[in-house]
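Asks: Quick one: the structure is below, questions incoming.
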Protein chains: 2
Amino acid sequence: MNISLVQLRAFIAVSRYGSFTLAAEALHRTQPAITVQVKQLEENLGLKLFDRTTRQLRLTTVGLELVPALSAMLHQLDGVIEISQNIRTQRTGVIRIACLPSVASSFLPVHIAEFRKQHPGISFLLSDALGDKVISMVTGGDVEFGLTDTHPNVGDLDITPLLEEQMCALFLEGHPIQSAEQVDVNRLSAHDLVLMAHGSNARRIVDNAFAAQGRVAVASCEASYMSTAVGMVQAGLGIALLPRSGVNLQVDGRLRARLIQAPGFSRQIAIVKLKQRSLSPSAESFVQLITAASKDQQKRFNT
Amino acid sequence: MNISLVQLRAFIAVSRYGSFTLAAEALHRTQPAITVQVKQLEENLGLKLFDRTTRQLRLTTVGLELVPALSAMLHQLDGVIEISQNIRTQRTGVIRIACLPSVASSFLPVHIAEFRKQHPGISFLLSDALGDKVISMVTGGDVEFGLTDTHPNVGDLDITPLLEEQMCALFLEGHPIQSAEQVDVNRLSAHDLVLMAHGSNARRIVDNAFAAQGRVAVASCEASYMSTAVGMVQAGLGIALLPRSGVNLQVDGRLRARLIQAPGFSRQIAIVKLKQRSLSPSAESFVQLITAASKDQQKRFNT
DNA sequence: CGATCTTACGGGATTCGTAAACATA
DNA sequence: TATGTTTACGAATCCCGTAAGATCG
């Protein structure tokens, strides 16, 4: 015969209520059931826990010593159960995500805010890092999933394409490029370009795209902040090449934007997670939210 | 269906060993039993705890979160069980006793030392207090039992006589009292007396015994410490009236002692405990030891 | 007596082990 | 195919509720 939670709960209830009958009510059991459980616990421990006559009930010295520890233990267990219920119902929890800085700053925040409206108890632990670091955090189990550009040399990972991080050409209304048949490296090379500074992700994409065509991207102006680049365009300094996410809300007034469909001007951002490792219910919901959102977004975007 | 310790232990074992098979060995169960228990726990919590194929086993994010808390919980339970085993086998424990100062200083120490030879893990919490306080500590549950002189107005208490705290007459060899038929108030009044100072228990007994015979105890010398009183007797200053426990080991050389059998010269010291409240196994043993010891002592003592 | 705990017993659920089916490297 | 997990099923055990017995105030 083995000590069981039923026995322990019976013991604690009786010690708390000072009566088998009351304890039975509290536990929604009949009174004989409690008697039996307490008796079995006493046998299991080899200790008398209560001194009892039919009219008086008192804890033994030993029983008195055991109550606090066992009570704390059961309380702790109840806590764990409650936590797991909260996790299940997504009322509480932490979602740990590793992602590229560009994704962390542009794509994710709105969706996190959206998600937290429905699940205020869920907190996000965002680690922004570069591609390799993102992958290693996923494989190391530091995060539930990562958002990064697709890597070639990956094993043991599930990779689900999420969105295309595309580039835009941003220019003043009436600029020749507006009516151009197609925006590509050749066409862009003919104009003054406002580019993000070296070292930024956006610049790297531009440089690579140009290099793939045997060209070099020459900037008439460089900016470290996207808002600066936008200002330069408004001042007529040229065409800015920016990540789409950076100009979504900036196209107003005399500014116009066109997606650059030419090859090389985009990166595939994917959800990366360990193969066959389940996400927490919260993370699962969030992934569904961002995949749905990214599909919507792809459709909504026009010139 | 309810969460059980079996399920929790299975879960923790699997998470620790990373395998159902190994966990089963550790728990001395067959492997299918473990599968079933873990599965039931998952159903009870409504959460998937492991991602498993037949060849690979990994904790879910959620499972990983629950392991430390549950592990700690089980560890705590094991601790309580171990403690209760130690209490049962008297390898560990605390015995709380309230007793009169005279008992605490003379009678108890040797028996505590004796008891601790057999049970080194048992510690004693001695509260020395006067009669009423001893009773109130017993009724208040602050101690397991008390050692005090019998009180008249007690209800709800078990009172077991333990020993007679008797008085001795201590004198020089050849003193007239040595050959006296009987040592009583009348006889003592004829001699110089060395008495303990006012306020001590010993003095109170002497005063009361004299008062009961319509006499007043007159001291030729008073002492605060028993060793002083003994010194005075050795110096020929008179007969000392001391608690027996104080002279047990001092009767040597030219000193002689006689028990004072006269009425009023003794107090009944009893074991006092709450009626129908069991003692801890350790305390029970100790009570048996001192009752046996006091009987022996009664017999051993001769003049 | 009356209130409370204990014992006895039967039905239903739980747990375990054996055996067979199943899945992955 | 070999190893490790899951499913299926019967036997033993456990747990609960009902009913009757015991005990103290």
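Residue names in the structure tokens use chain letters A, B, ... in the order shown, residue numbers from 1 in each chain, and ligand numbers from 1 in the order shown.
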Compute the set of chain A residues within 12 Å of chain D, using only C-alpha atoms (C1' of nucleotides), and express it as number ranges by chain.
Replies: A: 1-4, 6-7, 24, 28-37, 40, 52-57
Asks: Any chance you could export the current selection's N, CA and C atoms as a PDB file, in the first residue's frame?
Replies:
ATOM      1  N   MET A   1       0.846  -1.200   0.000  1.00  0.00           N
ATOM      2  CA  MET A   1       0.000   0.000   0.000  1.00  0.00           C
ATOM      3  C   MET A   1       0.877   1.244   0.000  1.00  0.00           C
ATOM      4  N   ASN A   2       0.454   2.222  -0.752  1.00  0.00           N
ATOM      5  CA  ASN A   2       1.321   3.364  -0.962  1.00  0.00           C
ATOM      6  C   ASN A   2       0.631   4.666  -0.580  1.00  0.00           C
ATOM      7  N   ILE A   3       1.426   5.612  -0.158  1.00  0.00           N
ATOM      8  CA  ILE A   3       0.884   6.936   0.160  1.00  0.00           C
ATOM      9  C   ILE A   3       0.306   7.553  -1.105  1.00  0.00           C
ATOM     10  N   SER A   4      -0.869   8.126  -0.987  1.00  0.00           N
ATOM     11  CA  SER A   4      -1.506   8.730  -2.154  1.00  0.00           C
ATOM     12  C   SER A   4      -1.961  10.139  -1.830  1.00  0.00           C
ATOM     13  N   VAL A   6      -4.850  11.280  -2.255  1.00  0.00           N
ATOM     14  CA  VAL A   6      -6.152  11.203  -1.599  1.00  0.00           C
ATOM     15  C   VAL A   6      -5.971  11.149  -0.089  1.00  0.00           C
ATOM     16  N   GLN A   7      -5.045  10.306   0.343  1.00  0.00           N
ATOM     17  CA  GLN A   7      -4.787  10.189   1.769  1.00  0.00           C
ATOM     18  C   GLN A   7      -4.290  11.510   2.349  1.00  0.00           C
ATOM     19  N   ALA A  24     -15.057  15.713   5.302  1.00  0.00           N
ATOM     20  CA  ALA A  24     -15.726  14.957   4.243  1.00  0.00           C
ATOM     21  C   ALA A  24     -16.574  15.890   3.377  1.00  0.00           C
ATOM     22  N   HIS A  28     -16.223  16.779  -0.564  1.00  0.00           N
ATOM     23  CA  HIS A  28     -17.326  16.186  -1.315  1.00  0.00           C
ATOM     24  C   HIS A  28     -17.247  14.670  -1.318  1.00  0.00           C
ATOM     25  N   ARG A  29     -16.979  14.134  -0.138  1.00  0.00           N
ATOM     26  CA  ARG A  29     -16.958  12.695   0.042  1.00  0.00           C
ATOM     27  C   ARG A  29     -17.838  12.361   1.234  1.00  0.00           C
ATOM     28  N   THR A  30     -18.107  11.065   1.404  1.00  0.00           N
ATOM     29  CA  THR A  30     -18.803  10.660   2.618  1.00  0.00           C
ATOM     30  C   THR A  30     -17.780  10.513   3.737  1.00  0.00           C
ATOM     31  N   GLN A  31     -18.282  10.510   4.935  1.00  0.00           N
ATOM     32  CA  GLN A  31     -17.380  10.532   6.076  1.00  0.00           C
ATOM     33  C   GLN A  31     -16.569   9.240   6.234  1.00  0.00           C
ATOM     34  N   PRO A  32     -17.178   8.067   6.019  1.00  0.00           N
ATOM     35  CA  PRO A  32     -16.366   6.848   6.158  1.00  0.00           C
ATOM     36  C   PRO A  32     -15.163   6.822   5.227  1.00  0.00           C
ATOM     37  N   ALA A  33     -15.319   7.400   4.058  1.00  0.00           N
ATOM     38  CA  ALA A  33     -14.197   7.423   3.112  1.00  0.00           C
ATOM     39  C   ALA A  33     -13.006   8.140   3.737  1.00  0.00           C
ATOM     40  N   ILE A  34     -13.270   9.235   4.423  1.00  0.00           N
ATOM     41  CA  ILE A  34     -12.196   9.998   5.056  1.00  0.00           C
ATOM     42  C   ILE A  34     -11.542   9.177   6.158  1.00  0.00           C
ATOM     43  N   THR A  35     -12.365   8.551   6.971  1.00  0.00           N
ATOM     44  CA  THR A  35     -11.825   7.685   8.021  1.00  0.00           C
ATOM     45  C   THR A  35     -10.825   6.696   7.459  1.00  0.00           C
ATOM     46  N   VAL A  36     -11.258   6.020   6.404  1.00  0.00           N
ATOM     47  CA  VAL A  36     -10.411   4.982   5.815  1.00  0.00           C
ATOM     48  C   VAL A  36      -9.103   5.577   5.300  1.00  0.00           C
ATOM     49  N   GLN A  37      -9.186   6.704   4.602  1.00  0.00           N
ATOM     50  CA  GLN A  37      -7.984   7.293   4.022  1.00  0.00           C
ATOM     51  C   GLN A  37      -6.995   7.712   5.101  1.00  0.00           C
ATOM     52  N   GLN A  40      -5.385   4.706   6.592  1.00  0.00           N
ATOM     53  CA  GLN A  40      -4.369   4.138   5.716  1.00  0.00           C
ATOM     54  C   GLN A  40      -3.090   4.963   5.752  1.00  0.00           C
ATOM     55  N   ARG A  52      -8.234  10.338  18.845  1.00  0.00           N
ATOM     56  CA  ARG A  52      -9.645  10.568  18.636  1.00  0.00           C
ATOM     57  C   ARG A  52     -10.516   9.646  19.485  1.00  0.00           C
ATOM     58  N   THR A  53     -11.484  10.240  20.083  1.00  0.00           N
ATOM     59  CA  THR A  53     -12.604   9.490  20.603  1.00  0.00           C
ATOM     60  C   THR A  53     -13.747   9.882  19.666  1.00  0.00           C
ATOM     61  N   THR A  54     -14.922   9.371  19.915  1.00  0.00           N
ATOM     62  CA  THR A  54     -15.999   9.714  18.988  1.00  0.00           C
ATOM     63  C   THR A  54     -16.384  11.185  19.126  1.00  0.00           C
ATOM     64  N   ARG A  55     -16.040  11.784  20.274  1.00  0.00           N
ATOM     65  CA  ARG A  55     -16.481  13.168  20.500  1.00  0.00           C
ATOM     66  C   ARG A  55     -15.363  14.177  20.417  1.00  0.00           C
ATOM     67  N   GLN A  56     -14.138  13.720  20.494  1.00  0.00           N
ATOM     68  CA  GLN A  56     -13.049  14.678  20.503  1.00  0.00           C
ATOM     69  C   GLN A  56     -11.969  14.259  19.529  1.00  0.00           C
ATOM     70  N   LEU A  57     -11.400  15.237  18.868  1.00  0.00           N
ATOM     71  CA  LEU A  57     -10.404  14.949  17.848  1.00  0.00           C
ATOM     72  C   LEU A  57      -9.252  15.918  18.034  1.00  0.00           C
TER      73      LEU A  57
END
Asks: Need to verify the contact set: Gly236 in chain A, 12 Å, only C-alpha atoms (C1' of nucleotides), exclusion of same-chain residues closer than 4 positions in sequence. Can you return it as a list in words?
Replies: Leu170, Phe171, Leu172, Glu173, Gly174, His175, His191, Asp192, Leu193, Val194, Ser220, Cys221, Ala229, Val230, Gly231, Met232, Ala240, Arg254 and Leu255 of chain A
Asks: Could those residues be written to a file, using C-alpha atoms, as a PDB file, in the first residue's frame?
Replies:
ATOM      1  CA  LEU A 170      10.013  55.377 -52.699  1.00  0.00           C
ATOM      2  CA  PHE A 171       9.889  58.506 -54.827  1.00  0.00           C
ATOM      3  CA  LEU A 172       8.140  61.799 -55.451  1.00  0.00           C
ATOM      4  CA  GLU A 173       4.948  61.795 -57.436  1.00  0.00           C
ATOM      5  CA  GLY A 174       5.722  62.336 -61.064  1.00  0.00           C
ATOM      6  CA  HIS A 175       9.156  60.826 -60.918  1.00  0.00           C
ATOM      7  CA  HIS A 191      18.605  57.583 -61.178  1.00  0.00           C
ATOM      8  CA  ASP A 192      19.899  59.146 -57.993  1.00  0.00           C
ATOM      9  CA  LEU A 193      19.446  56.697 -55.152  1.00  0.00           C
ATOM     10  CA  VAL A 194      18.862  57.273 -51.468  1.00  0.00           C
ATOM     11  CA  SER A 220      23.603  59.877 -53.945  1.00  0.00           C
ATOM     12  CA  CYS A 221      22.608  60.083 -50.313  1.00  0.00           C
ATOM     13  CA  ALA A 229      15.663  58.591 -46.050  1.00  0.00           C
ATOM     14  CA  VAL A 230      12.021  59.512 -46.453  1.00  0.00           C
ATOM     15  CA  GLY A 231      12.842  63.132 -45.809  1.00  0.00           C
ATOM     16  CA  MET A 232      15.526  63.012 -48.471  1.00  0.00           C
ATOM     17  CA  ALA A 240      14.909  55.575 -51.735  1.00  0.00           C
ATOM     18  CA  ARG A 254       3.400  63.587 -52.780  1.00  0.00           C
ATOM     19  CA  LEU A 255       5.203  60.340 -52.059  1.00  0.00           C
TER      20      LEU A 255
END
Asks: Fewer than 5 positions away in the same chain doesn't count, so skip those; otherwise give me all residues within 12 Å of Ile95 in chain B, counting only C-alpha atoms (C1' of nucleotides), as number ranges by chain.
Replies: A: 61-62, 65; B: 87, 90, 112, 115-116, 119, 121-127, 142-146, 279-287
Asks: Distance limit 7 Å, atoms considered: only C-alpha atoms. Which chain B residues sit that close to chain A? Return them as a ChimeraX atom specification.
Replies: /B:4-5,45-47,51,60-62,69,73,76-77,80,84-85,88,276-280
Asks: Contacts between chain B and chain C, please, where a residue of chain C counts if it comes within 7 Å (with only C-alpha atoms (C1' of nucleotides)); show its shortest atom pair and distance in Å to one decimal, rows by chain and ascending number, as CSV.
Replies:
residue,atom,partner,partner_atom,distance
C:DC16,C1',B:Ala33,CA,6.6
C:DA23,C1',B:Thr54,CA,5.9
C:DT24,C1',B:Arg55,CA,5.9
Asks: Give the strand (DSSP E or B) residues of range 101-169 of chain A, as assigned by DSSP on the backbone, as a list in words.
Replies: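 Strand (DSSP E or B) members of range 101-169 of chain A, listed: Ile122, Ser123, Phe124, Leu125, Leu126, Ser127, Asp128, Phe145, Gly146, Leu147, Thr148, Asp149, Leu157, Asp158, Ile159, Thr160, Pro161, Leu162, Leu163, Glu164, Glu165, Gln166, Met167, Cys168 and Ala169 of chain A.
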Asks: How about saving the chosen residues, C-alpha atoms kept, as a short mmCIF file (atom, residue, chain, number, x, y, z; two decimals), in the first residue's frame?
Replies:
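To be explicit, this is the file written out as out06.cif:
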data_model
loop_
_atom_site.label_atom_id
_atom_site.label_comp_id
_atom_site.auth_asym_id
_atom_site.auth_seq_id
_atom_site.Cartn_x
_atom_site.Cartn_y
_atom_site.Cartn_z
CA ILE A 122 0.95 36.26 -22.15
CA SER A 123 4.29 38.01 -22.18
CA PHE A 124 6.83 37.97 -24.99
CA LEU A 125 10.54 37.50 -24.65
CA LEU A 126 11.98 38.78 -27.92
CA SER A 127 15.63 38.14 -28.67
CA ASP A 128 16.74 40.08 -31.73
CA PHE A 145 10.76 29.41 -32.51
CA GLY A 146 12.71 31.85 -34.62
CA LEU A 147 11.96 34.25 -37.44
CA THR A 148 14.83 34.58 -39.86
CA ASP A 149 15.75 34.32 -43.50
CA LEU A 157 14.52 22.05 -38.17
CA ASP A 158 11.03 22.76 -39.37
CA ILE A 159 11.02 25.73 -41.72
CA THR A 160 7.73 27.36 -42.64
CA PRO A 161 7.90 30.34 -44.99
CA LEU A 162 6.14 33.25 -43.42
CA LEU A 163 6.57 36.37 -45.47
CA GLU A 164 8.67 37.97 -48.11
CA GLU A 165 10.64 40.89 -46.83
CA GLN A 166 10.42 43.02 -49.95
CA MET A 167 12.02 46.24 -50.96
CA CYS A 168 10.21 49.35 -52.15
CA ALA A 169 11.23 52.17 -54.31
#
Asks: Record the distance separating CA of Phe265 in chain A and CA of Ala209 in chain A, expressed in Å with one decimal.
Replies: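 About the pair CA of Phe265 in chain A and CA of Ala209 in chain A: they are 5.9 Å apart.
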Asks: If we count only C-alpha atoms (C1' of nucleotides) and set the cut-off at 7 Å, which residues sit around Gly131 in chain A, ignoring sequence neighbours fewer than 2 positions away in its own chain? Please answer as a list in words.
Replies: Leu100, Ala129, Lys133, Val134, Ile135, Thr148 and Asp149 of chain A
